[in-house]
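Reproduced below: final23.txt, with compact mmCIF, C-alpha atoms.
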```txt
# COMPACT_ATOMS: atom_id res chain seq x y z
CA MET A 17 -23.71 30.89 7.71
CA ALA A 18 -20.80 31.61 5.43
CA GLN A 19 -18.05 29.03 5.27
CA ALA A 20 -14.39 29.98 5.67
CA SER A 21 -12.48 30.96 2.56
CA ASN A 22 -10.04 28.46 1.08
CA ALA A 23 -7.50 31.28 1.08
CA ILE A 24 -6.44 30.90 4.73
CA LYS A 25 -3.53 28.48 4.05
CA LYS A 26 -1.67 29.50 7.18
CA SER A 27 -0.72 27.58 10.30
CA LEU A 28 -3.12 26.52 13.05
CA LEU A 29 -2.31 25.52 16.62
CA VAL A 30 -4.82 23.65 18.77
CA VAL A 31 -4.09 23.86 22.50
CA GLY A 32 -5.30 20.70 24.19
CA GLY A 33 -5.52 18.83 20.91
CA SER A 34 -5.03 15.36 22.38
CA GLY A 35 -8.38 15.39 24.16
CA TYR A 36 -11.79 14.26 22.94
CA VAL A 37 -12.89 17.64 21.53
CA GLY A 38 -9.39 18.67 20.50
CA GLN A 39 -8.90 15.58 18.34
CA ASN A 40 -12.09 16.35 16.46
CA VAL A 41 -11.06 19.97 15.90
CA LEU A 42 -7.73 18.75 14.51
CA HIS A 43 -9.56 16.24 12.29
CA ALA A 44 -11.83 18.99 10.94
CA ALA A 45 -8.80 21.20 10.27
CA ILE A 46 -7.00 18.50 8.29
CA GLN A 47 -10.14 17.59 6.35
CA SER A 48 -10.82 21.23 5.50
CA ASN A 49 -7.46 21.71 3.75
CA LEU A 50 -7.61 25.34 4.87
CA PHE A 51 -4.29 25.37 6.70
CA SER A 52 -0.72 24.95 5.53
CA GLU A 53 0.21 23.35 8.86
CA VAL A 54 -1.83 21.93 11.74
CA ARG A 55 -0.21 21.43 15.15
CA SER A 56 -1.26 20.58 18.69
CA PHE A 57 0.27 21.74 21.97
CA ASN A 58 -0.57 19.61 24.98
CA ARG A 59 1.03 17.88 27.96
CA SER A 60 0.79 14.29 26.75
CA GLY A 61 1.81 14.66 23.12
CA ALA A 62 0.12 12.54 20.45
CA PRO A 63 -2.83 10.35 21.56
CA THR A 64 -1.80 6.71 21.84
CA SER A 65 -5.13 5.20 20.75
CA PRO A 66 -7.28 7.68 18.80
CA PRO A 67 -10.64 6.57 17.39
CA GLN A 68 -10.18 4.71 14.13
CA HIS A 69 -12.12 7.27 12.11
CA LEU A 70 -9.74 10.06 13.28
CA ALA A 71 -6.45 8.19 13.03
CA GLU A 72 -5.64 9.10 9.42
CA SER A 73 -6.14 12.82 10.01
CA LEU A 74 -4.29 12.86 13.33
CA SER A 75 -1.29 11.18 11.70
CA GLN A 76 -0.86 14.41 9.69
CA VAL A 77 -0.77 16.61 12.81
CA GLU A 78 2.45 17.64 14.55
CA PHE A 79 1.98 17.10 18.29
CA VAL A 80 4.17 19.35 20.43
CA LYS A 81 4.51 18.18 24.03
CA GLY A 82 4.51 20.89 26.69
CA ASP A 83 2.76 22.56 29.62
CA ILE A 84 0.52 25.56 28.88
CA PHE A 85 1.74 27.16 32.14
CA ASP A 86 5.39 26.90 31.01
CA THR A 87 5.94 30.39 29.56
CA ALA A 88 8.86 29.50 27.29
CA ALA A 89 7.17 26.37 25.90
CA ARG A 90 3.89 28.21 25.39
CA GLU A 91 5.51 31.13 23.58
CA ASP A 92 7.52 28.83 21.35
CA ALA A 93 4.45 26.79 20.38
CA ILE A 94 2.22 29.81 19.69
CA ASP A 95 4.74 31.95 17.81
CA GLY A 96 4.19 32.13 14.06
CA ASN A 97 0.62 30.82 13.92
CA TYR A 98 -2.27 32.49 12.12
CA ALA A 99 -4.87 30.99 14.46
CA VAL A 100 -4.93 29.33 17.88
CA VAL A 101 -7.84 27.27 19.24
CA SER A 102 -8.17 26.32 22.90
CA CYS A 103 -9.89 23.04 23.73
CA ILE A 104 -8.49 22.86 27.26
CA GLY A 105 -10.84 21.64 29.96
CA ALA A 106 -11.02 19.24 32.89
CA PHE A 107 -13.11 18.33 35.92
CA GLY A 108 -12.02 18.29 39.54
CA SER A 109 -12.09 20.67 42.48
CA ASN A 110 -13.39 24.20 41.88
CA ASP A 111 -9.90 25.69 42.14
CA PHE A 112 -8.55 23.12 39.69
CA MET A 113 -11.35 23.67 37.17
CA LYS A 114 -11.03 27.45 37.37
CA LYS A 115 -7.34 27.09 36.59
CA ILE A 116 -7.61 24.57 33.77
CA CYS A 117 -10.88 25.76 32.20
CA GLY A 118 -10.07 29.44 32.58
CA ASP A 119 -6.53 30.45 33.49
CA ALA A 120 -4.91 28.09 30.98
CA THR A 121 -6.82 29.62 28.07
CA ILE A 122 -6.21 33.14 29.38
CA GLU A 123 -2.46 32.44 29.29
CA ALA A 124 -2.82 31.24 25.69
CA ILE A 125 -4.84 34.33 24.73
CA GLN A 126 -2.30 36.72 26.21
CA THR A 127 0.62 35.00 24.50
CA SER A 128 -1.27 34.82 21.19
CA LYS A 129 -1.92 38.56 21.31
CA LEU A 130 1.74 39.20 22.10
CA LYS A 131 2.89 37.00 19.20
CA GLY A 132 0.58 38.52 16.61
CA VAL A 133 -1.86 35.62 16.21
CA GLN A 134 -4.83 36.91 14.18
CA LYS A 135 -7.62 34.51 15.24
CA PHE A 136 -8.39 32.77 18.51
CA GLY A 137 -11.05 30.11 19.00
CA PHE A 138 -12.38 28.80 22.30
CA VAL A 139 -14.70 25.92 23.18
CA SER A 140 -16.70 27.34 26.06
CA SER A 141 -20.01 26.20 27.59
CA ALA A 142 -23.73 26.67 27.03
CA GLN A 143 -23.95 27.92 30.62
CA VAL A 144 -21.65 30.89 30.00
CA TYR A 145 -23.89 33.89 29.39
CA GLU A 146 -25.01 36.78 31.57
CA GLY A 147 -27.64 35.64 34.07
CA SER A 148 -27.18 31.90 33.44
CA ALA A 149 -27.92 29.35 36.14
CA GLY A 150 -24.39 28.01 35.74
CA LEU A 151 -22.80 31.33 36.68
CA LYS A 152 -25.10 31.64 39.71
CA ILE A 153 -23.77 28.45 41.31
CA PRO A 154 -22.26 29.39 44.71
CA PRO A 155 -18.45 29.10 45.03
CA SER A 156 -18.83 26.27 47.53
CA MET A 157 -20.86 24.10 45.15
CA PRO A 158 -19.56 21.65 42.51
CA MET A 159 -19.01 23.01 38.97
CA HIS A 160 -18.68 26.65 40.09
CA GLY A 161 -15.02 26.65 39.05
CA TYR A 162 -15.81 25.08 35.67
CA PHE A 163 -18.33 27.69 34.56
CA GLN A 164 -16.51 30.61 36.20
CA GLY A 165 -13.26 29.58 34.54
CA LYS A 166 -14.93 29.41 31.12
CA TYR A 167 -16.57 32.78 31.75
CA ASN A 168 -13.27 34.40 32.72
CA ALA A 169 -11.63 33.04 29.56
CA GLU A 170 -14.48 34.32 27.38
CA GLN A 171 -14.20 37.79 28.86
CA LYS A 172 -10.45 37.91 28.24
CA LEU A 173 -10.92 36.67 24.67
CA LEU A 174 -13.59 39.28 23.88
CA GLU A 175 -11.34 41.99 25.29
CA SER A 176 -8.22 40.83 23.45
CA TYR A 177 -9.81 39.78 20.12
CA PRO A 178 -12.97 41.87 19.61
CA ASP A 179 -13.01 41.07 15.88
CA GLY A 180 -10.94 37.88 15.83
CA HIS A 181 -12.69 35.54 18.25
CA VAL A 182 -14.68 32.37 17.66
CA ILE A 183 -16.47 31.18 20.79
CA LEU A 184 -18.51 27.97 20.84
CA ARG A 185 -21.07 27.41 23.59
CA PRO A 186 -22.08 23.76 23.47
CA GLY A 187 -23.72 21.71 26.18
CA PHE A 188 -22.95 18.00 26.40
CA ILE A 189 -20.81 17.01 23.41
CA TYR A 190 -21.58 13.53 22.11
CA GLY A 191 -19.94 11.16 19.65
CA LYS A 192 -17.42 8.32 19.60
CA ARG A 193 -14.88 8.73 22.40
CA ASN A 194 -11.97 6.46 23.28
CA LEU A 195 -10.84 5.82 26.84
CA GLY A 196 -7.74 3.73 26.36
CA SER A 197 -8.76 0.77 24.24
CA VAL A 198 -12.47 1.18 25.08
CA GLU A 199 -14.74 3.14 22.74
CA LEU A 200 -17.62 4.97 24.42
CA PRO A 201 -20.55 5.58 22.03
CA LEU A 202 -21.68 8.82 23.66
CA GLN A 203 -23.99 9.46 20.69
CA LEU A 204 -26.28 6.74 22.02
CA ILE A 205 -26.92 8.99 25.02
CA GLY A 206 -26.62 12.46 23.56
CA ALA A 207 -28.56 12.08 20.31
CA PRO A 208 -31.85 10.85 21.90
CA ILE A 209 -31.70 13.51 24.65
CA ASN A 210 -30.99 16.17 22.03
CA PHE A 211 -34.08 15.02 20.12
CA VAL A 212 -36.28 15.18 23.22
CA GLY A 213 -34.90 18.59 24.17
CA ASN A 214 -35.38 20.20 20.76
CA HIS A 215 -37.83 18.35 18.50
CA LEU A 216 -40.92 17.40 20.51
CA GLY A 217 -42.80 20.68 20.40
CA PRO A 218 -44.55 21.59 23.67
CA LEU A 219 -42.70 18.88 25.61
CA SER A 220 -39.34 20.25 24.50
CA SER A 221 -40.46 23.78 25.41
CA LEU A 222 -41.46 22.57 28.88
CA ILE A 223 -38.09 20.88 29.39
CA GLN A 224 -36.23 23.96 28.18
CA SER A 225 -38.02 26.07 30.81
CA ILE A 226 -36.39 24.13 33.66
CA PRO A 227 -33.46 26.18 35.07
CA PHE A 228 -30.01 24.79 34.21
CA VAL A 229 -31.31 21.37 33.11
CA GLY A 230 -33.35 22.83 30.26
CA LYS A 231 -30.38 24.69 28.86
CA GLU A 232 -28.16 21.61 29.02
CA VAL A 233 -30.71 19.29 27.42
CA SER A 234 -31.37 21.72 24.57
CA SER A 235 -27.67 22.45 23.99
CA MET A 236 -26.30 18.98 23.27
CA VAL A 237 -24.26 18.84 20.06
CA PRO A 238 -22.37 16.22 18.00
CA VAL A 239 -18.61 16.43 18.42
CA GLU A 240 -18.21 16.50 14.62
CA SER A 241 -20.24 19.72 14.53
CA VAL A 242 -18.00 21.27 17.18
CA GLY A 243 -14.90 20.61 15.09
CA SER A 244 -16.47 21.72 11.82
CA SER A 245 -18.06 24.89 13.21
CA MET A 246 -14.82 25.99 14.84
CA ILE A 247 -12.64 25.45 11.77
CA ASN A 248 -15.09 26.91 9.27
CA SER A 249 -15.69 30.00 11.41
CA LEU A 250 -12.02 30.99 11.72
CA GLY A 251 -12.18 32.56 8.25
CA GLU A 252 -14.98 34.96 9.15
CA GLU A 253 -14.08 38.66 9.17
CA LYS A 254 -15.87 39.44 12.43
CA GLY A 255 -15.87 37.83 15.84
CA LEU A 256 -18.46 35.09 16.39
CA ILE A 257 -20.23 33.46 19.31
CA LEU A 258 -22.00 30.25 18.26
CA GLU A 259 -24.70 28.79 20.49
CA ALA A 260 -25.70 25.13 20.27
CA ALA A 261 -28.28 25.68 17.51
CA ASP A 262 -25.63 27.44 15.40
CA ILE A 263 -23.07 24.69 16.04
CA ARG A 264 -25.49 21.96 14.95
CA LYS A 265 -25.78 23.57 11.50
CA PHE A 266 -22.24 22.39 10.75
CA VAL A 267 -21.66 18.74 9.88
```
Target format structure tokens, applied to this file:
Amino acid sequence: MAQASNAIKKSLLVVGGSGYVGQNVLHAAIQSNLFSEVRSFNRSGAPTSPPQHLAESLSQVEFVKGDIFDTAAREDAIDGNYAVVSCIGAFGSNDFMKKICGDATIEAIQTSKLKGVQKFGFVSSAQVYEGSAGLKIPPSMPMHGYFQGKYNAEQKLLESYPDGHVILRPGFIYGKRNLGSVELPLQLIGAPINFVGNHLGPLSSLIQSIPFVGKEVSSMVPVESVGSSMINSLGEEKGLILEAADIRKFV
């Protein structure tokens, strides 16, 4: 897959950049040297204890503190950017997840379109495709709001940016993750499961045939690949949807 041109050199805003995935997208943006300015818009501002391997890059990011549902703050943060990437997501009740995983990004998409942003990236889910087991979960069951929210955001993005979208559909995202002062080595869980789900021939095929579980097991990706694939795809001329296998090609 073609890499983004070094000619971008315009500003990037990552919405939800203080989170696990967002920090890695910001790191990839700084390391790429493709953007003249890299900023984050999120409720908590700059992370207080980022992983050591990300700290140098994150020190070069401007963190703007604000609520995505605050119209004035959102418009001010998005105005003037070439590209916006949404890494917003959270777990909780179905109503809460539908709001945070869907409505928040929809608000960002609408404002970005209004402000003339040319590219919009979104970290979605491997379960967001027509006919998926994730989208068939009944409204009363856990995770319905998560997948439905992601789906709603994808649909709005495809409608608003038919040629300017980058959508990533990873499953479990693994890598080094900090929770306060504690580092969680999620790669020790994700990497072996990814191997079993994709590289053991007939056994992997059997696992992949299991509804919902098979898709999740075969869609695990390193967090570094999520950041790199998002940043390097923003320079493409056409809209892109990257499944897990596509994401893993980026390191």
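With distances taken over all atoms listed in the file, A:Ile189 is the one residue among A:Ile84, A:Ile189, A:Met159, A:Val100 lying closest to Ile263 of chain A.
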Item to check | Selected residue, from A:Ser176, A:Ser234, A:Ser148, A:Ser102, that lies nearest to Ile116 of chain A when counting all atoms listed in the file | outcome: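 When distances to Ile116 of chain A are compared using all atoms listed in the file, the smallest one comes from A:Ser102.
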With all atoms listed in the file counted and 6 Å as the cut-off, give the residues of segment 57-120 of chain A in contact with segment 21-37 of chain A, each with its shortest interatomic distance in Å and the pair that gives it, as CSV.
```
residue,atom,partner,partner_atom,distance
A:Phe57,CA,A:Val31,CA,4.9
A:Asn58,CA,A:Gly32,CA,4.9
A:Pro63,CA,A:Ser34,CA,5.5
A:Asn97,CA,A:Ser27,CA,5.0
A:Tyr98,CA,A:Ser27,CA,5.5
A:Ala99,CA,A:Leu28,CA,5.0
A:Val100,CA,A:Leu29,CA,4.8
A:Val101,CA,A:Val30,CA,4.7
A:Ser102,CA,A:Val31,CA,4.8
A:Cys103,CA,A:Gly32,CA,5.2
A:Ile104,CA,A:Gly32,CA,4.9
```
With C-alpha atoms retained, write the just-selected residues as a PDB file, keeping the file's coordinate frame.
```
ATOM      1  CA  PHE A  57       0.270  21.740  21.970  1.00  0.00           C
ATOM      2  CA  ASN A  58      -0.570  19.610  24.980  1.00  0.00           C
ATOM      3  CA  PRO A  63      -2.830  10.350  21.560  1.00  0.00           C
ATOM      4  CA  ASN A  97       0.620  30.820  13.920  1.00  0.00           C
ATOM      5  CA  TYR A  98      -2.270  32.490  12.120  1.00  0.00           C
ATOM      6  CA  ALA A  99      -4.870  30.990  14.460  1.00  0.00           C
ATOM      7  CA  VAL A 100      -4.930  29.330  17.880  1.00  0.00           C
ATOM      8  CA  VAL A 101      -7.840  27.270  19.240  1.00  0.00           C
ATOM      9  CA  SER A 102      -8.170  26.320  22.900  1.00  0.00           C
ATOM     10  CA  CYS A 103      -9.890  23.040  23.730  1.00  0.00           C
ATOM     11  CA  ILE A 104      -8.490  22.860  27.260  1.00  0.00           C
TER      12      ILE A 104
END
```
Checklist entry - Val41 of chain A: which residues within 8 Å, counting all atoms listed in the file, same-chain residues fewer than 2 positions away excluded, as JSON, numbers by chain? => result {"A": [30, 33, 37, 38, 39, 43, 44, 45, 242, 243, 244, 246, 247]}
Next on the checklist: Ranking A:Ala169, A:Ala260, A:Met113, A:Val133 by minimum distance to Pro155 of chain A and counting all atoms listed in the file, which one comes first?
Outcome noted: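 Among the listed residues, A:Met113 lies closest to Pro155 of chain A.
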Next on the checklist: I'd like the interatomic distance between atom CA of Ile183 of chain A and atom CA of Asn40 of chain A, to a tenth of an Å.
Outcome noted: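 Taking atom CA of Ile183 of chain A as the start and atom CA of Asn40 of chain A as the end point, the length is 16.1 Å.
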Item to check | Nearest to Leu74 of chain A by atom-to-atom distance, counting all atoms listed in the file, from A:Lys135, A:Arg90, A:Arg55, A:Lys254 | outcome: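 Counting all atoms listed in the file, the residue closest to Leu74 of chain A is A:Arg55.
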Checklist entry - What is the distance, in Å and to one decimal place, between atom CA of Gln68 of chain A and atom CA of Val54 of chain A? => result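 So the two atoms, atom CA of Gln68 of chain A and atom CA of Val54 of chain A, lie 19.3 Å apart.
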Checklist entry - Interatomic distance between atom CA of Asn248 of chain A and atom CA of Gly147 of chain A? => result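 Going from atom CA of Asn248 of chain A over to atom CA of Gly147 of chain A, I get 29.1 Å.
In this comparison, which uses all atoms listed in the file, the residue of A:Phe107, A:Phe51, A:Phe228, A:Phe85 approaching Thr127 of chain A most closely is A:Phe85.
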Checklist entry - Can you tell me, as a list in words, what residues are no more than 7 Å from Gly255 of chain A when counting only C-alpha atoms, ignoring any on the same chain fewer than 3 positions away? => result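 Selected residues are Pro178, Asp179, Gly180, His181 and Val182 of chain A.
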